>>> print(open('work26.txt').read())   # compact mmCIF, N, CA and C atoms
# COMPACT_ATOMS: atom_id res chain seq x y z
N MET A 1 83.57 57.17 107.29
CA MET A 1 82.19 57.41 107.67
C MET A 1 82.12 58.50 108.75
N ALA A 2 83.08 58.53 109.63
CA ALA A 2 83.04 59.52 110.71
C ALA A 2 83.16 60.94 110.15
N ALA A 3 83.98 61.12 109.13
CA ALA A 3 84.14 62.45 108.55
C ALA A 3 82.85 62.92 107.89
N SER A 4 82.06 62.01 107.36
CA SER A 4 80.82 62.40 106.70
C SER A 4 79.74 62.79 107.71
N ARG A 5 79.89 62.38 108.95
CA ARG A 5 78.89 62.68 109.99
C ARG A 5 79.12 64.00 110.70
N THR A 6 80.18 64.71 110.36
CA THR A 6 80.51 65.94 111.06
C THR A 6 79.68 67.12 110.60
N LYS A 7 78.77 66.91 109.66
CA LYS A 7 77.90 67.96 109.11
C LYS A 7 78.74 69.09 108.56
N ASP A 8 78.52 70.31 109.04
CA ASP A 8 79.22 71.46 108.48
C ASP A 8 80.26 72.04 109.43
N THR A 9 80.78 71.24 110.34
CA THR A 9 81.79 71.76 111.26
C THR A 9 83.19 71.57 110.73
N THR A 10 83.38 70.66 109.78
CA THR A 10 84.70 70.44 109.19
C THR A 10 84.60 70.54 107.68
N TYR A 11 85.73 70.77 107.05
CA TYR A 11 85.77 70.85 105.59
C TYR A 11 85.32 69.54 104.96
N LEU A 12 85.76 68.43 105.52
CA LEU A 12 85.40 67.13 104.94
C LEU A 12 83.90 66.86 105.05
N GLY A 13 83.30 67.24 106.16
CA GLY A 13 81.86 67.07 106.32
C GLY A 13 81.08 67.93 105.35
N ALA A 14 81.54 69.18 105.17
CA ALA A 14 80.87 70.08 104.23
C ALA A 14 81.02 69.56 102.81
N ARG A 15 82.20 69.02 102.49
CA ARG A 15 82.43 68.47 101.14
C ARG A 15 81.51 67.29 100.88
N TYR A 16 81.38 66.41 101.85
CA TYR A 16 80.50 65.25 101.70
C TYR A 16 79.06 65.70 101.45
N HIS A 17 78.58 66.63 102.24
CA HIS A 17 77.19 67.07 102.11
C HIS A 17 76.94 67.85 100.82
N ARG A 18 77.97 68.44 100.24
CA ARG A 18 77.82 69.09 98.94
C ARG A 18 77.79 68.06 97.81
N LEU A 19 78.49 66.94 97.99
CA LEU A 19 78.56 65.94 96.93
C LEU A 19 77.38 64.98 96.90
N VAL A 20 76.75 64.75 98.05
CA VAL A 20 75.67 63.76 98.14
C VAL A 20 74.53 64.00 97.14
N PRO A 21 74.00 65.22 97.01
CA PRO A 21 72.90 65.38 96.06
C PRO A 21 73.29 65.08 94.61
N ARG A 22 74.54 65.34 94.26
CA ARG A 22 74.99 65.14 92.89
C ARG A 22 75.37 63.69 92.60
N LEU A 23 76.08 63.06 93.55
CA LEU A 23 76.66 61.75 93.30
C LEU A 23 75.94 60.60 93.98
N GLY A 24 75.23 60.87 95.04
CA GLY A 24 74.67 59.81 95.86
C GLY A 24 75.59 59.54 97.03
N LYS A 25 75.09 58.82 98.03
CA LYS A 25 75.85 58.63 99.27
C LYS A 25 77.11 57.80 99.09
N LYS A 26 77.02 56.71 98.36
CA LYS A 26 78.19 55.83 98.24
C LYS A 26 79.32 56.47 97.44
N LYS A 27 78.99 57.10 96.32
CA LYS A 27 80.03 57.74 95.52
C LYS A 27 80.61 58.96 96.24
N ALA A 28 79.78 59.67 96.98
CA ALA A 28 80.27 60.81 97.75
C ALA A 28 81.22 60.34 98.84
N LEU A 29 80.94 59.19 99.42
CA LEU A 29 81.83 58.64 100.45
C LEU A 29 83.17 58.27 99.84
N VAL A 30 83.17 57.69 98.65
CA VAL A 30 84.43 57.34 97.98
C VAL A 30 85.20 58.62 97.63
N ALA A 31 84.50 59.66 97.19
CA ALA A 31 85.16 60.93 96.89
C ALA A 31 85.76 61.53 98.16
N LEU A 32 85.08 61.39 99.27
CA LEU A 32 85.58 61.88 100.55
C LEU A 32 86.82 61.09 100.97
N GLU A 33 86.78 59.78 100.76
CA GLU A 33 87.95 58.95 101.06
C GLU A 33 89.14 59.38 100.21
N HIS A 34 88.89 59.71 98.95
CA HIS A 34 89.96 60.18 98.08
C HIS A 34 90.55 61.49 98.59
N SER A 35 89.69 62.38 99.08
CA SER A 35 90.17 63.64 99.63
C SER A 35 91.03 63.41 100.86
N ILE A 36 90.63 62.46 101.69
CA ILE A 36 91.41 62.14 102.90
C ILE A 36 92.76 61.56 102.51
N LEU A 37 92.76 60.63 101.55
CA LEU A 37 94.02 60.04 101.10
C LEU A 37 94.95 61.08 100.49
N THR A 38 94.39 62.01 99.74
CA THR A 38 95.20 63.07 99.15
C THR A 38 95.82 63.94 100.25
N ALA A 39 95.03 64.27 101.27
CA ALA A 39 95.54 65.08 102.38
C ALA A 39 96.65 64.33 103.12
N VAL A 40 96.45 63.03 103.35
CA VAL A 40 97.46 62.23 104.05
C VAL A 40 98.74 62.17 103.23
N TRP A 41 98.60 62.00 101.92
CA TRP A 41 99.79 61.94 101.06
C TRP A 41 100.58 63.23 101.15
N HIS A 42 99.89 64.39 101.10
CA HIS A 42 100.57 65.67 101.20
C HIS A 42 101.21 65.84 102.57
N MET A 43 100.56 65.35 103.61
CA MET A 43 101.13 65.47 104.95
C MET A 43 102.39 64.64 105.08
N LEU A 44 102.38 63.44 104.51
CA LEU A 44 103.54 62.56 104.64
C LEU A 44 104.70 62.97 103.75
N THR A 45 104.42 63.41 102.53
CA THR A 45 105.52 63.77 101.62
C THR A 45 106.08 65.14 101.91
N GLY A 46 105.25 66.06 102.39
CA GLY A 46 105.71 67.41 102.65
C GLY A 46 106.05 67.67 104.10
N ASN A 47 105.81 66.68 104.98
CA ASN A 47 106.07 66.81 106.41
C ASN A 47 105.38 68.06 106.98
N VAL A 48 104.09 68.20 106.68
CA VAL A 48 103.30 69.32 107.17
C VAL A 48 102.14 68.79 108.01
N ALA A 49 101.64 69.62 108.90
CA ALA A 49 100.51 69.23 109.75
C ALA A 49 99.21 69.46 108.99
N PHE A 50 98.17 68.75 109.40
CA PHE A 50 96.85 68.90 108.78
C PHE A 50 96.23 70.19 109.25
N HIS A 51 95.69 70.93 108.31
CA HIS A 51 95.01 72.19 108.62
C HIS A 51 93.61 72.11 108.02
N ASP A 52 92.59 72.05 108.88
CA ASP A 52 91.22 71.96 108.40
C ASP A 52 90.76 73.33 107.92
N LEU A 53 90.15 73.38 106.74
CA LEU A 53 89.70 74.64 106.17
C LEU A 53 88.43 75.15 106.80
N GLY A 54 87.69 74.29 107.49
CA GLY A 54 86.47 74.69 108.17
C GLY A 54 85.23 74.39 107.34
N GLY A 55 84.14 74.22 108.03
CA GLY A 55 82.89 73.88 107.37
C GLY A 55 82.31 75.01 106.53
N ASP A 56 82.72 76.24 106.80
CA ASP A 56 82.21 77.37 106.03
C ASP A 56 83.17 77.79 104.91
N TYR A 57 84.09 76.91 104.55
CA TYR A 57 85.07 77.21 103.50
C TYR A 57 84.39 77.60 102.19
N TYR A 58 83.38 76.84 101.78
CA TYR A 58 82.74 77.09 100.50
C TYR A 58 81.97 78.41 100.51
N ALA A 59 81.36 78.75 101.62
CA ALA A 59 80.63 80.02 101.72
C ALA A 59 81.60 81.20 101.69
N LYS A 60 82.74 81.07 102.34
CA LYS A 60 83.73 82.14 102.34
C LYS A 60 84.42 82.24 100.99
N HIS A 61 84.62 81.10 100.33
CA HIS A 61 85.33 81.08 99.05
C HIS A 61 84.53 81.78 97.96
N ASP A 62 83.22 81.58 97.93
CA ASP A 62 82.36 82.20 96.92
C ASP A 62 81.05 82.65 97.58
N PRO A 63 81.03 83.81 98.23
CA PRO A 63 79.83 84.25 98.94
C PRO A 63 78.65 84.52 98.02
N GLU A 64 78.90 84.92 96.78
CA GLU A 64 77.81 85.16 95.84
C GLU A 64 77.04 83.87 95.57
N ARG A 65 77.76 82.78 95.39
CA ARG A 65 77.13 81.49 95.16
C ARG A 65 76.33 81.05 96.37
N ALA A 66 76.86 81.29 97.57
CA ALA A 66 76.15 80.93 98.79
C ALA A 66 74.84 81.72 98.91
N MET A 67 74.86 83.00 98.55
CA MET A 67 73.64 83.80 98.59
C MET A 67 72.62 83.31 97.57
N ARG A 68 73.07 82.95 96.37
CA ARG A 68 72.15 82.42 95.36
C ARG A 68 71.52 81.11 95.83
N ARG A 69 72.32 80.26 96.48
CA ARG A 69 71.82 78.98 96.96
C ARG A 69 70.77 79.19 98.05
N ILE A 70 71.04 80.10 98.98
CA ILE A 70 70.10 80.38 100.06
C ILE A 70 68.81 80.96 99.50
N THR A 71 68.93 81.87 98.54
CA THR A 71 67.75 82.46 97.91
C THR A 71 66.92 81.40 97.20
N ARG A 72 67.57 80.53 96.46
CA ARG A 72 66.87 79.47 95.74
C ARG A 72 66.15 78.52 96.70
N GLN A 73 66.80 78.18 97.81
CA GLN A 73 66.18 77.29 98.79
C GLN A 73 64.97 77.97 99.44
N ALA A 74 65.08 79.25 99.77
CA ALA A 74 63.96 79.97 100.39
C ALA A 74 62.80 80.09 99.40
N ASN A 75 63.10 80.37 98.14
CA ASN A 75 62.04 80.47 97.13
C ASN A 75 61.33 79.13 96.95
N ALA A 76 62.06 78.04 97.03
CA ALA A 76 61.45 76.72 96.89
C ALA A 76 60.49 76.43 98.05
N LEU A 77 60.76 77.05 99.21
CA LEU A 77 59.89 76.87 100.37
C LEU A 77 58.75 77.88 100.39
N GLY A 78 58.74 78.80 99.42
CA GLY A 78 57.66 79.78 99.33
C GLY A 78 57.94 81.09 100.04
N TYR A 79 59.18 81.41 100.30
CA TYR A 79 59.55 82.65 100.98
C TYR A 79 60.25 83.59 100.02
N THR A 80 60.18 84.88 100.33
CA THR A 80 60.93 85.89 99.61
C THR A 80 62.06 86.35 100.51
N VAL A 81 63.25 86.49 99.95
CA VAL A 81 64.42 86.84 100.75
C VAL A 81 64.95 88.18 100.27
N ARG A 82 65.33 89.03 101.23
CA ARG A 82 65.97 90.30 100.93
C ARG A 82 67.24 90.39 101.76
N PHE A 83 68.35 90.65 101.10
CA PHE A 83 69.63 90.75 101.78
C PHE A 83 69.99 92.21 101.95
N GLU A 84 70.40 92.55 103.16
CA GLU A 84 70.88 93.90 103.45
C GLU A 84 72.23 93.77 104.13
N PRO A 85 73.23 94.53 103.67
CA PRO A 85 74.55 94.44 104.29
C PRO A 85 74.53 94.97 105.71
N ILE A 86 75.35 94.39 106.55
CA ILE A 86 75.48 94.83 107.94
C ILE A 86 76.43 96.01 107.98
N GLU A 87 76.00 97.08 108.65
CA GLU A 87 76.83 98.25 108.75
C GLU A 87 77.97 98.00 109.73
N ALA A 88 79.17 98.42 109.34
CA ALA A 88 80.33 98.25 110.20
C ALA A 88 80.24 99.24 111.36
N THR A 89 80.60 98.79 112.57
CA THR A 89 80.53 99.67 113.73
C THR A 89 81.87 100.25 114.04
>>> encode(input="work26.txt", output="structure tokens")
Amino acid sequence: MAASRTKDTTYLGARYHRLVPRLGKKKALVALEHSILTAVWHMLTGNVAFHDLGGDYYAKHDPERAMRRITRQANALGYTVRFEPIEAT
């Protein structure tokens, strides 16, 4: 439950919040528990430390999808969105 309350600051919190609309809260919690158990298994069998991917993992992994999601959410609220790239300094 604590991992699901971290919102978007950790990978597990971001994963939970992505799964809730699709699966519901209880099934998303079980999926999150499975992710934690899988991580623990890899840590114990491979003797490696835990490395959190971060809450913005999904946005960095597929930025096009993140932009489509933001555009869709803004359109649902009645706004028009225009994206302009930031010029490198």
>>> residues_around(input="work26.txt", residues="Thr10 in chain A", least_positions_apart="3", cutoff="6 Å", atoms="only C-alpha atoms", output="MDAnalysis selection string")
chainID A and resid 13 54:55
>>> atom_distance(input="work26.txt", atom1="atom C of Ala28 in chain A", atom2="atom N of Thr45 in chain A")
23.7 Å
>>> residues_around(input="work26.txt", residues="range 2-6 of chain A", least_positions_apart="4", cutoff="8 Å", atoms="only N, CA and C atoms", output="MDAnalysis selection string")
chainID A and resid 10:17 29 32
>>> atom_distance(input="work26.txt", atom1="CA of Ala74 in chain A", atom2="atom C of Lys26 in chain A")
28.2 Å
>>> select_by_dssp(input="work26.txt", residues="chain A", states="helix (DSSP H, G or I)", output="PyMOL selection string")
chain A and resi 3-6+11-23+25-46+57-61+63-76
>>> residues_around(input="work26.txt", residues="range 62-72 of chain A", least_positions_apart="6", cutoff="10 Å", atoms="only C-alpha atoms", output="ChimeraX atom specification")
/A:78-83
>>> atom_distance(input="work26.txt", atom1="CA of Ile36 in chain A", atom2="CA of Val48 in chain A")
14.5 Å
